[in-house]
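Data from upload_16.txt: compact mmCIF, C-alpha atoms
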# COMPACT_ATOMS: atom_id res chain seq x y z
CA MET A 1 0.00 0.00 0.00
CA ALA A 2 1.27 3.49 -0.87
CA LEU A 3 2.68 5.75 1.80
CA LEU A 4 0.60 8.68 3.04
CA THR A 5 1.74 12.27 2.93
CA ILE A 6 2.00 14.04 6.27
CA GLY A 7 -1.14 16.03 5.43
CA ALA A 8 -3.21 12.94 4.64
CA PHE A 9 -1.84 11.09 7.68
CA ALA A 10 -2.60 14.07 9.93
CA LYS A 11 -6.20 14.14 8.72
CA LEU A 12 -6.73 10.41 9.27
CA SER A 13 -5.02 10.31 12.67
CA ARG A 14 -6.56 13.53 14.03
CA LEU A 15 -3.06 14.85 14.72
CA SER A 16 -1.79 18.11 13.28
CA PRO A 17 1.31 18.16 11.05
CA LYS A 18 2.98 20.27 13.75
CA ALA A 19 2.26 17.57 16.35
CA LEU A 20 3.54 14.85 14.02
CA ARG A 21 6.80 16.71 13.53
CA LEU A 22 7.17 17.02 17.32
CA TYR A 23 6.44 13.33 17.88
CA ASP A 24 9.03 12.44 15.24
CA LYS A 25 11.60 14.57 17.03
CA LEU A 26 10.79 12.84 20.33
CA GLY A 27 10.95 9.36 18.81
CA LEU A 28 7.29 8.74 19.64
CA LEU A 29 5.97 8.46 16.09
CA SER A 30 8.64 8.51 13.40
CA PRO A 31 7.64 8.60 9.71
CA ALA A 32 8.12 5.54 7.54
CA ARG A 33 10.21 7.55 5.08
CA VAL A 34 11.69 11.02 4.81
CA ASP A 35 12.47 12.41 1.36
CA PRO A 36 16.24 13.04 1.39
CA THR A 37 15.91 16.07 -0.88
CA THR A 38 12.84 17.88 0.40
CA GLY A 39 12.73 16.47 3.95
CA TYR A 40 9.06 15.72 3.40
CA ARG A 41 7.63 13.04 5.72
CA PHE A 42 5.61 10.02 4.61
CA TYR A 43 3.75 7.57 6.84
CA ALA A 44 2.63 3.99 6.39
CA PRO A 45 -1.09 3.19 6.82
CA GLU A 46 -0.27 0.63 9.51
CA GLN A 47 1.08 3.49 11.65
CA LEU A 48 -2.42 4.91 12.01
CA GLU A 49 -3.32 2.69 14.95
CA ARG A 50 -0.39 3.99 17.01
CA ALA A 51 -1.05 7.56 15.88
CA ARG A 52 -4.70 7.39 16.91
CA LEU A 53 -3.73 5.95 20.28
CA VAL A 54 -1.34 8.86 20.78
CA ALA A 55 -4.10 11.30 19.85
CA TRP A 56 -6.56 9.75 22.29
CA LEU A 57 -4.01 9.72 25.11
CA ARG A 58 -3.17 13.37 24.46
CA ARG A 59 -6.87 14.18 24.74
CA LEU A 60 -6.78 12.50 28.14
CA GLY A 61 -3.99 14.87 29.12
CA MET A 62 -1.34 12.16 29.46
CA PRO A 63 2.24 13.49 29.33
CA LEU A 64 4.25 12.55 26.24
CA THR A 65 6.84 10.57 28.19
CA ARG A 66 4.09 8.39 29.64
CA ILE A 67 2.42 8.02 26.23
CA HIS A 68 5.73 6.74 24.86
CA ARG A 69 5.75 4.08 27.59
CA VAL A 70 2.12 3.07 26.95
CA CYS A 71 2.76 2.69 23.22
CA GLU A 72 5.52 0.18 23.88
CA LEU A 73 3.27 -2.07 26.02
CA ASP A 74 1.00 -4.89 24.97
CA ALA A 75 -2.74 -4.20 25.05
CA ALA A 76 -3.39 -5.57 28.54
CA ALA A 77 -0.44 -3.74 30.12
CA ALA A 78 -1.34 -0.53 28.27
CA ALA A 79 -4.89 -0.75 29.61
CA ARG A 80 -3.56 -1.10 33.18
CA GLU A 81 -1.28 1.89 32.70
CA ILE A 82 -4.14 4.04 31.37
CA ARG A 83 -6.37 2.92 34.24
CA THR A 84 -3.73 3.90 36.78
CA PHE A 85 -3.17 7.26 35.08
CA TRP A 86 -6.87 8.07 35.03
CA ALA A 87 -7.32 7.12 38.67
CA GLN A 88 -4.59 9.62 39.51
CA VAL A 89 -6.26 12.29 37.35
CA GLU A 90 -9.54 11.75 39.19
CA ALA A 91 -7.76 11.89 42.55
CA ASP A 92 -6.08 15.16 41.56
CA THR A 93 -9.39 16.54 40.29
CA ALA A 94 -11.06 15.62 43.57
CA ALA A 95 -8.28 17.42 45.47
CA ARG A 96 -8.78 20.57 43.38
CA ARG A 97 -12.55 20.31 43.88
CA ASP A 98 -12.03 20.07 47.63
CA LEU A 99 -9.72 23.07 47.50
CA ALA A 100 -12.31 25.06 45.55
CA THR A 101 -14.96 24.13 48.11
CA PHE A 102 -12.64 25.19 50.92
CA LEU A 103 -11.92 28.53 49.24
CA LEU A 104 -15.61 29.24 48.63
CA ASP A 105 -16.37 28.39 52.25
CA HIS A 106 -13.39 30.38 53.48
CA LEU A 107 -14.30 33.52 51.50
CA SER A 108 -17.91 33.41 52.69
CA ARG A 109 -16.92 33.45 56.36
CA LYS A 110 -15.43 35.91 58.79
CA ASP A 111 -12.47 35.01 60.96
CA ALA A 112 -13.85 32.21 63.12
CA ALA A 113 -11.64 33.25 66.01
CA MET A 114 -12.99 36.81 65.93
CA ALA A 115 -16.65 36.27 65.06
CA PRO A 116 -18.73 37.34 68.09
CA THR A 117 -21.47 34.79 67.38
CA THR A 118 -19.14 31.78 67.35
CA GLN A 119 -19.98 29.35 70.11
CA PRO A 120 -16.87 28.88 72.27
CA LEU A 121 -15.87 25.22 72.11
CA HIS A 122 -12.97 23.08 73.24
CA ILE A 123 -12.06 19.42 72.94
CA ARG A 124 -11.38 16.58 75.37
CA TYR A 125 -9.15 14.02 73.71
CA ALA A 126 -7.17 10.81 73.97
CA ALA A 127 -4.80 8.95 71.65
CA LEU A 128 -3.41 5.42 71.58
CA SER A 129 -1.16 3.45 69.24
CA ASP A 130 -0.40 -0.26 69.34
CA THR A 131 1.97 -2.50 67.37
CA GLY A 132 -0.71 -5.14 66.86
CA LEU A 133 -0.25 -8.89 66.87
CA VAL A 134 1.74 -9.45 63.65
CA ARG A 135 4.10 -6.56 62.99
CA THR A 136 7.42 -6.45 64.84
CA CYS A 137 7.52 -2.64 65.06
CA ASN A 138 5.05 0.21 65.17
CA GLN A 139 5.20 2.56 62.17
CA ASP A 140 2.15 4.57 63.24
CA THR A 141 2.36 7.95 64.96
CA VAL A 142 -0.49 9.61 66.83
CA TYR A 143 -0.83 12.99 68.49
CA ALA A 144 -3.60 14.76 70.37
CA GLY A 145 -3.43 18.29 71.78
CA PRO A 146 -5.71 21.26 72.46
CA ARG A 147 -5.60 22.45 68.82
CA LEU A 148 -4.30 19.49 66.84
CA LEU A 149 -5.22 15.83 66.34
CA ALA A 150 -3.12 13.69 64.00
CA VAL A 151 -2.60 10.12 62.80
CA ALA A 152 0.21 9.06 60.45
CA ASP A 153 0.73 5.54 59.12
CA GLY A 154 4.30 5.14 57.87
CA PHE A 155 5.29 2.54 55.30
CA GLY A 156 8.49 1.15 53.87
CA PRO A 157 11.77 0.45 55.70
CA ALA A 158 11.84 3.99 57.10
CA GLY A 159 8.09 4.26 57.68
CA ALA A 160 8.23 4.86 61.43
CA PRO A 161 10.54 7.91 61.33
CA ALA A 162 8.72 9.19 58.23
CA GLY A 163 5.37 9.25 60.02
CA ALA A 164 6.90 10.77 63.14
CA ALA A 165 8.64 13.47 61.09
CA ALA A 166 5.40 14.47 59.37
CA VAL A 167 3.48 14.71 62.65
CA ASP A 168 6.32 16.64 64.30
CA VAL A 169 5.93 19.35 61.65
CA LEU A 170 2.22 19.71 62.35
CA LYS A 171 2.72 19.70 66.12
CA ARG A 172 4.19 23.19 65.82
CA LEU A 173 0.69 24.40 64.91
CA ASP A 174 -0.72 23.19 68.22
CA THR A 175 0.64 26.19 70.07
CA GLU A 176 0.03 28.88 67.44
CA HIS A 177 -2.99 31.12 66.98
CA ILE A 178 -3.79 31.12 63.27
CA PRO A 179 -6.21 33.71 61.89
CA ALA A 180 -8.72 32.20 59.48
CA GLY A 181 -7.37 34.42 56.72
CA GLU A 182 -3.99 32.69 56.98
CA LEU A 183 -5.28 29.16 57.50
CA LEU A 184 -5.00 27.86 53.93
CA ASN A 185 -1.46 29.18 53.46
CA VAL A 186 -0.36 27.84 56.84
CA LEU A 187 -1.76 24.38 56.13
CA GLY A 188 -0.30 24.32 52.62
CA ASP A 189 3.10 25.25 54.00
CA ALA A 190 2.80 22.64 56.75
CA VAL A 191 2.01 19.86 54.26
CA GLU A 192 4.99 20.83 52.11
CA GLN A 193 7.26 20.99 55.17
CA ALA A 194 5.99 17.57 56.22
CA ARG A 195 6.83 16.22 52.76
CA GLN A 196 10.33 17.68 53.02
CA ALA A 197 10.73 16.13 56.47
CA VAL A 198 9.81 12.72 55.03
CA HIS A 199 12.33 13.27 52.24
CA ALA A 200 15.00 14.10 54.83
CA VAL A 201 14.33 10.80 56.60
CA ALA A 202 15.22 8.89 53.45
CA ALA A 203 18.24 11.09 52.78
CA ASP A 204 19.61 10.39 56.27
CA ASP A 205 19.85 6.66 55.55
CA PRO A 206 20.69 5.90 51.89
CA ALA A 207 20.62 2.17 52.68
CA THR A 208 16.84 2.37 53.21
CA PRO A 209 15.63 5.09 50.84
CA ALA A 210 11.97 4.10 50.90
CA ALA A 211 10.07 6.42 53.23
CA GLY A 212 6.42 7.38 53.15
CA THR A 213 3.41 8.03 55.32
CA THR A 214 -0.27 8.81 55.30
CA LEU A 215 -1.41 11.86 57.25
CA THR A 216 -4.84 12.67 58.64
CA ALA A 217 -5.05 15.65 60.98
CA MET A 218 -7.54 18.14 62.40
CA LEU A 219 -6.47 21.66 63.29
CA TRP A 220 -8.78 23.79 65.42
CA THR A 221 -8.99 27.53 64.80
CA GLY A 222 -11.55 29.23 66.97
CA SER A 223 -14.44 26.81 67.16
CA GLN A 224 -13.96 25.26 63.73
CA PRO A 225 -11.81 22.26 62.91
CA THR A 226 -10.10 21.99 59.54
CA LEU A 227 -9.26 18.53 58.24
CA VAL A 228 -6.05 17.80 56.33
CA HIS A 229 -5.94 14.37 54.71
CA ILE A 230 -3.54 12.37 52.51
CA GLY A 231 -3.68 8.58 52.15
CA ASP A 232 -5.93 5.95 53.68
CA SER A 233 -5.96 6.78 57.36
CA ARG A 234 -9.45 8.02 58.18
CA ALA A 235 -11.51 10.53 60.12
CA TYR A 236 -15.05 9.94 61.35
CA LEU A 237 -17.67 12.18 62.93
CA LEU A 238 -20.23 10.94 65.46
CA ARG A 239 -23.19 13.32 65.48
CA ASP A 240 -26.70 12.69 66.79
CA GLY A 241 -25.89 9.01 67.23
CA GLU A 242 -24.74 8.45 63.63
CA LEU A 243 -21.12 7.76 62.62
CA PHE A 244 -20.04 9.37 59.34
CA ARG A 245 -16.73 8.92 57.53
CA ILE A 246 -15.50 12.39 56.54
CA THR A 247 -12.38 11.44 54.58
CA HIS A 248 -11.94 9.77 51.21
CA ASP A 249 -9.31 7.04 50.81
CA HIS A 250 -6.58 7.85 48.29
CA THR A 251 -6.19 4.25 47.13
CA LEU A 252 -6.43 2.48 43.81
CA VAL A 253 -9.25 0.31 45.14
CA GLN A 254 -11.26 3.37 46.26
CA ALA A 255 -10.81 4.82 42.77
CA MET A 256 -12.18 1.56 41.35
CA VAL A 257 -15.18 1.81 43.68
CA ASP A 258 -15.73 5.44 42.62
CA GLU A 259 -15.68 4.36 38.96
CA GLY A 260 -18.21 1.61 39.67
CA ARG A 261 -15.83 -1.18 38.64
CA ILE A 262 -16.06 -2.96 42.00
CA SER A 263 -18.38 -2.75 44.99
CA ALA A 264 -17.48 -1.55 48.47
CA ASP A 265 -17.78 -5.14 49.69
CA GLU A 266 -15.36 -6.32 47.00
CA ALA A 267 -12.97 -3.53 47.90
CA ALA A 268 -12.72 -4.78 51.49
CA SER A 269 -11.06 -8.02 50.34
CA HIS A 270 -9.32 -6.80 47.19
CA PRO A 271 -5.63 -7.84 47.03
CA GLN A 272 -4.61 -4.26 46.15
CA ARG A 273 -6.72 -2.54 48.80
CA SER A 274 -3.63 -0.99 50.44
CA LEU A 275 -2.12 0.42 47.22
CA LEU A 276 -1.99 4.17 47.77
CA MET A 277 -2.56 6.72 45.02
CA ARG A 278 -1.53 9.64 47.23
CA ALA A 279 0.79 9.81 50.24
CA LEU A 280 3.68 11.83 51.63
CA THR A 281 6.73 10.17 50.10
CA GLY A 282 9.11 13.11 49.77
CA ASN A 283 9.46 12.60 46.01
CA SER A 284 7.28 15.45 44.80
CA PRO A 285 4.67 17.91 46.13
CA VAL A 286 1.32 16.32 46.90
CA ALA A 287 -2.17 17.80 47.12
CA ALA A 288 -3.90 17.29 50.45
CA ASP A 289 -7.65 17.21 50.91
CA ILE A 290 -8.62 20.19 53.05
CA HIS A 291 -12.10 20.53 54.58
CA ARG A 292 -13.49 22.93 57.14
CA HIS A 293 -16.16 21.59 59.49
CA ASP A 294 -18.78 23.29 61.63
CA ALA A 295 -18.37 21.56 64.97
CA ARG A 296 -21.14 21.36 67.55
CA ALA A 297 -21.05 20.68 71.24
CA GLY A 298 -21.71 16.97 71.59
CA ASP A 299 -19.84 15.96 68.44
CA ARG A 300 -17.16 13.28 68.68
CA TYR A 301 -14.33 12.86 66.16
CA LEU A 302 -12.38 9.65 65.53
CA LEU A 303 -9.10 9.61 63.59
CA CYS A 304 -7.52 6.22 62.93
CA SER A 305 -5.02 4.30 60.83
CA ASP A 306 -6.24 1.56 58.51
CA GLY A 307 -5.06 -0.94 61.12
CA LEU A 308 -8.37 -0.17 62.83
CA SER A 309 -10.75 0.60 59.96
CA SER A 310 -9.70 -2.38 57.82
CA VAL A 311 -10.25 -5.03 60.50
CA VAL A 312 -12.99 -3.75 62.82
CA PRO A 313 -16.49 -3.79 61.27
CA PRO A 314 -18.15 -0.34 61.03
CA GLN A 315 -20.97 -1.38 63.36
CA ASP A 316 -18.48 -2.38 66.07
CA MET A 317 -16.61 0.89 65.73
CA HIS A 318 -19.92 2.73 65.93
CA HIS A 319 -20.90 0.86 69.08
CA VAL A 320 -17.70 1.80 70.93
CA VAL A 321 -17.59 5.39 69.73
CA SER A 322 -21.23 5.99 70.61
CA THR A 323 -21.40 4.19 73.96
CA VAL A 324 -18.00 4.54 75.69
CA ALA A 325 -18.13 8.04 77.12
CA ASP A 326 -14.55 8.57 78.26
CA PRO A 327 -12.09 9.13 75.35
CA GLU A 328 -9.29 7.22 77.15
CA HIS A 329 -11.52 4.20 77.63
CA ALA A 330 -12.84 4.48 74.07
CA VAL A 331 -9.42 4.37 72.39
CA ARG A 332 -8.44 1.39 74.52
CA GLU A 333 -11.65 -0.41 73.54
CA LEU A 334 -11.04 0.26 69.84
CA VAL A 335 -7.48 -1.04 69.98
CA ALA A 336 -8.69 -4.10 71.88
CA LEU A 337 -11.28 -4.76 69.16
CA ALA A 338 -8.56 -4.62 66.49
CA ASN A 339 -6.35 -7.00 68.48
CA HIS A 340 -9.26 -9.35 69.01
CA SER A 341 -9.63 -9.42 65.19
CA GLY A 342 -6.00 -10.43 64.75
CA SER A 343 -4.40 -6.99 64.22
CA PRO A 344 -2.34 -7.78 61.12
CA ASP A 345 -1.18 -4.15 61.09
CA ASN A 346 -0.33 -1.44 63.59
CA VAL A 347 -3.47 0.14 65.00
CA SER A 348 -3.82 3.75 66.12
CA CYS A 349 -6.69 6.05 66.97
CA VAL A 350 -7.50 9.46 68.39
CA ILE A 351 -10.85 10.45 69.86
CA ALA A 352 -11.90 14.02 70.59
CA ASP A 353 -15.14 15.16 72.20
CA VAL A 354 -16.40 18.63 71.39
CA LEU A 355 -17.50 20.47 74.53
CA GLU A 356 -18.95 23.90 75.16
CA LEU A 357 -16.50 26.16 76.89
CA ARG A 358 -18.20 27.47 79.99
CA PRO A 359 -17.10 30.70 81.69

Could you write out this file's structure as C-alpha cells?
Amino acid sequence: MALLTIGAFAKLSRLSPKALRLYDKLGLLSPARVDPTTGYRFYAPEQLERARLVAWLRRLGMPLTRIHRVCELDAAAAAREIRTFWAQVEADTAARRDLATFLLDHLSRKDAAMAPTTQPLHIRYAALSDTGLVRTCNQDTVYAGPRLLAVADGFGPAGAPAGAAAVDVLKRLDTEHIPAGELLNVLGDAVEQARQAVHAVAADDPATPAAGTTLTAMLWTGSQPTLVHIGDSRAYLLRDGELFRITHDHTLVQAMVDEGRISADEAASHPQRSLLMRALTGNSPVAADIHRHDARAGDRYLLCSDGLSSVVPPQDMHHVVSTVADPEHAVRELVALANHSGSPDNVSCVIADVLELRP
C-alpha cells in the first residue's frame, strides 16, 4: 500500500502536522520515510493505529513521556497503565474540587476566632497506638493536643521515622494562633514541610531510601476544625448518634469503587486494597484534601489508621464510639477490638469530644 503524505496522515489520525513533527523529534511516532531532498515526511497506513492511540491519550492529558511508555506495552499492560493514570487524574481533580470548596467556604466566612457569634468550644481528647499482633515494630504515629489531632501511618523500611517526622511538623501548629485568613497558606506550608521532612528521613539513611506516610489531621482555629488528609488513614464524625466517615481514601481500590468497577464489599477483600494513590513520600509535592467543618457541642471525632478501619467492622466501631463516654476508655476499647480481630497491622486512633467552653 502506498505511503501517506503528512497532510493525509494528519487528517486520518486527528493529529496536526505540527504535532507529528514534534512526535518524530521525540521518537514517539517517526515517519516511515523522509524524502532526502525535500525532507518531506511520509507515513505507512499501519502506523495509524499507534497515531490514533497517541491522539486519544493526548486528549486524556497524558504526558508525552508516559504516552511513549504506553505505546511500547501490549494491550493488557497498556490498559492497566491508562487505568492507573486516570485514577490519579480523578484523585487530583477531587483534590482541586475540595480546595475550591474550601476557598468558597473560606471567602464566605469571617475570621472564626474573631466572630462574636461563634460558640466557644474546646475538645477533650485521647490517643493510643499499638503494634498489633503481627508486625514487629510500630510505624504509626499519633498525636492529640488542644488544637491538633493527627494520625500518620508510615510505610516502607523507614516508615516509622517518616510518620513521626510528618506529625512533628504539624505539632508546631498546636501552640500557634492562626487567623482564618492565613489558614489555607499555613496548612499548605505545613504539608509541604511535612513532605520535606519525610524526604529528609530517606536522605539520612541511603541504605533504606523508601520512606512514606499517610497523614490525617484536624487543626482547630476558633471553634472550627479543619481537616487535612492524605492517604488511607481516616476521620469519622459521630453526630446525633450516627457515625459518618468524613475522609476519602486515596487508594487504587477506592478509585475503582468510585468508577463503579467494583463494589465496596469487593474492595474490602481486594488484594490491592492498600495500594496508595496519594501519600507523603518526599518525592514530589502532593495535594492534600482540606475541609473545614462546623463543629457542635456533643460531636465526637475519631481519627484512625487503617489498622483499625480495615479489621474492625463499622458497626463495632460505631458501638464503641457511641457508647463509651470517656475518650481514654474508648481508644483502649477500639485497639482491643482490632487485636481481638487479629491486628495484622499497627493500630492507632484518636478520639476528641467537642465540649462547650463554659465561663

Have a look at A:Leu60, A:Ala2, A:Leu337, A:Leu237 and name the one nearest to A:Glu90; count only C-alpha atoms.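 Among the listed residues, A:Leu60 lies closest to A:Glu90.
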
Taking only C-alpha atoms into account, name the residue in A:Val312, A:Thr93, A:Val169, A:Val350 that is nearest to A:Gly145.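 Counting only C-alpha atoms, the residue closest to A:Gly145 is A:Val350.
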
Computed gap from atom CA of A:Val54 to atom CA of A:Ile67 is 6.7 Å

Between A:Arg261, A:Tyr43, A:Arg124, A:Asp174, which one has atoms that come closest to A:Leu357, using only C-alpha atoms? A:Arg124

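Minimum distance to A:Ala55 across A:Arg80, A:Lys11, A:His199, A:Arg135 (counting all atoms listed in the file) occurs at A:Lys11.
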
Given the choices A:Thr136, A:Thr251, A:Thr213, A:Asn185, which gets closest to A:Ser343 if the distance is worked out from all atoms listed in the file?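 The answer is A:Thr136, which sits nearest to A:Ser343.
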
Which residues, written as number ranges by chain, have at least one atom at most 7 Å from A:Leu275, with all atoms listed in the file counted and residues fewer than 2 positions away on the same chain left out? A: 251-252, 272-273, 277

Set the distance at 9 Å and use all atoms listed in the file: which residues neighbour A:Gln88 once local chain neighbours fewer than 3 positions away are removed? I'd like the list as a ChimeraX atom specification. /A:83-85,91-93,252,255,277-278

Taking all atoms listed in the file into account, which of A:Asp306, A:Asp316, A:Asp289, A:Asp249 comes nearest A:Ala336? A:Asp316

Write out as a count of residues only which residues come within 10 Å of A:Ser309 when counting only C-alpha atoms, dropping same-chain ones fewer than 6 positions away. 11

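The coordinates place atom CA of A:Thr216 at 16.9 Å from atom CA of A:Gln196.
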
Quick check, in Å to one decimal: how far apart do atom CA of A:Arg66 and atom CA of A:Ala200 lie?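 These two atoms are separated by 28.0 Å.
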
Excluding same-chain residues fewer than 6 positions from A:Leu128, what lies within 12 Å of it counting all atoms listed in the file, as a PyMOL selection string? chain A and resi 138+140-144+149-151+302-305+308+327-336+346-351

Around the point (0.1, 5.4, 13.2), in the coordinates given by the file, pick out the residues reaching within 12 Å, counting all atoms listed in the file, and return them as an MDAnalysis selection string. chainID A and resid 3:4 6 8:15 20 23:24 28:32 42:55 71
